[in-house]
Amino acid sequence: MAAHHFADNKRRGPAGEDCLECGARNVMSSPDNQPLGSTATDERRLHPRFMVQVQIELRQEASDIPIRAETADLSGGGCYVHVSQTLPPETDVQGKLWLDGSAVKFQGRIVTRHPQFGNGIIFLQFERDGEQVLRRYLDTVAV
């Protein structure tokens, strides 16, 4: 696993802090703050993150085997999911987020991996109006 560098020059920063080089979040024992995005290191993010648990289904490209999980956080640009069988970075996935009873389908890519804990996923493309549905959902969470 790649070494991460946090503001205090330690390899493992405080829970909820982002790596200064790659942006990976230290999610171990992360406080339940909504939204994440109030610290100086979060300012570079394009989308605010919210600590919400949403059902998600992932499939690797060319695989029929679903991985069912729950998000730990969610934003307009991606999510973090808790899974014990993590996927390697750069793996392309097809996914469904279940938002208020509706399936939002997307294409994504694994960007972070914490073995036996979870994966960070970036959203690359949504089907139909999925991006707008996600945005509306996040607007309700932000209130």
# chains A, B, ... in the order shown; residues from 1 in each chain; ligands from 1
>>> residues_around(residues="region 59-69 of chain A", least_positions_apart="6", cutoff="8 Å", atoms="only C-alpha atoms", output="number ranges by chain")
A: 81-83, 91-95
>>> write_last_selection(atoms="N, CA and C atoms", output="PDB file, in the first residue's frame")
ATOM      1  N   VAL A  81     -16.886   2.779  -0.115  1.00  0.00           N
ATOM      2  CA  VAL A  81     -17.716   1.646   0.285  1.00  0.00           C
ATOM      3  C   VAL A  81     -16.930   0.726   1.204  1.00  0.00           C
ATOM      4  N   HIS A  82     -17.632   0.204   2.207  1.00  0.00           N
ATOM      5  CA  HIS A  82     -17.040  -0.796   3.104  1.00  0.00           C
ATOM      6  C   HIS A  82     -17.247  -2.171   2.489  1.00  0.00           C
ATOM      7  N   VAL A  83     -16.151  -2.833   2.136  1.00  0.00           N
ATOM      8  CA  VAL A  83     -16.188  -4.205   1.620  1.00  0.00           C
ATOM      9  C   VAL A  83     -14.969  -4.946   2.161  1.00  0.00           C
ATOM     10  N   THR A  91      -9.426  -0.510 -11.271  1.00  0.00           N
ATOM     11  CA  THR A  91     -10.437  -1.457 -11.736  1.00  0.00           C
ATOM     12  C   THR A  91     -11.687  -0.689 -12.133  1.00  0.00           C
ATOM     13  N   ASP A  92     -12.176  -0.906 -13.347  1.00  0.00           N
ATOM     14  CA  ASP A  92     -13.422  -0.291 -13.795  1.00  0.00           C
ATOM     15  C   ASP A  92     -14.593  -1.103 -13.276  1.00  0.00           C
ATOM     16  N   VAL A  93     -15.623  -0.392 -12.811  1.00  0.00           N
ATOM     17  CA  VAL A  93     -16.801  -1.051 -12.264  1.00  0.00           C
ATOM     18  C   VAL A  93     -18.068  -0.432 -12.845  1.00  0.00           C
ATOM     19  N   GLN A  94     -19.110  -1.233 -12.872  1.00  0.00           N
ATOM     20  CA  GLN A  94     -20.461  -0.755 -13.144  1.00  0.00           C
ATOM     21  C   GLN A  94     -21.169  -0.793 -11.810  1.00  0.00           C
ATOM     22  N   GLY A  95     -21.995   0.195 -11.535  1.00  0.00           N
ATOM     23  CA  GLY A  95     -22.630   0.225 -10.236  1.00  0.00           C
ATOM     24  C   GLY A  95     -24.037   0.748 -10.250  1.00  0.00           C
TER      25      GLY A  95
END
>>> residues_around(residues="Pro89 (chain A)", least_positions_apart="4", cutoff="6 Å", atoms="only C-alpha atoms", output="PyMOL selection string")
chain A and resi 110-112
>>> closest_residue(among="A:Ser75, A:Leu58, A:Glu90, A:Val141", to="Arg113 (chain A)", atoms="only C-alpha atoms")
A:Glu90
>>> atom_distance(atom1="CA of Val104 (chain A)", atom2="CA of His47 (chain A)")
17.9 Å
>>> select_by_dssp(residues="region 80-130 of chain A", states="strand (DSSP E)", output="PyMOL selection string")
chain A and resi 80-82+92-99+102-114+118-126
>>> closest_residue(among="A:Leu97, A:Arg136, A:Gln53, A:Phe117", to="Gln85 (chain A)", atoms="only C-alpha atoms")
A:Phe117
>>> closest_residue(among="A:Gly101, A:Pro115, A:Gly108, A:Pro48", to="Glu127 (chain A)", atoms="only C-alpha atoms")
A:Gly108
>>> atom_distance(atom1="CA of Leu46 (chain A)", atom2="CA of Ser102 (chain A)")
24.9 Å
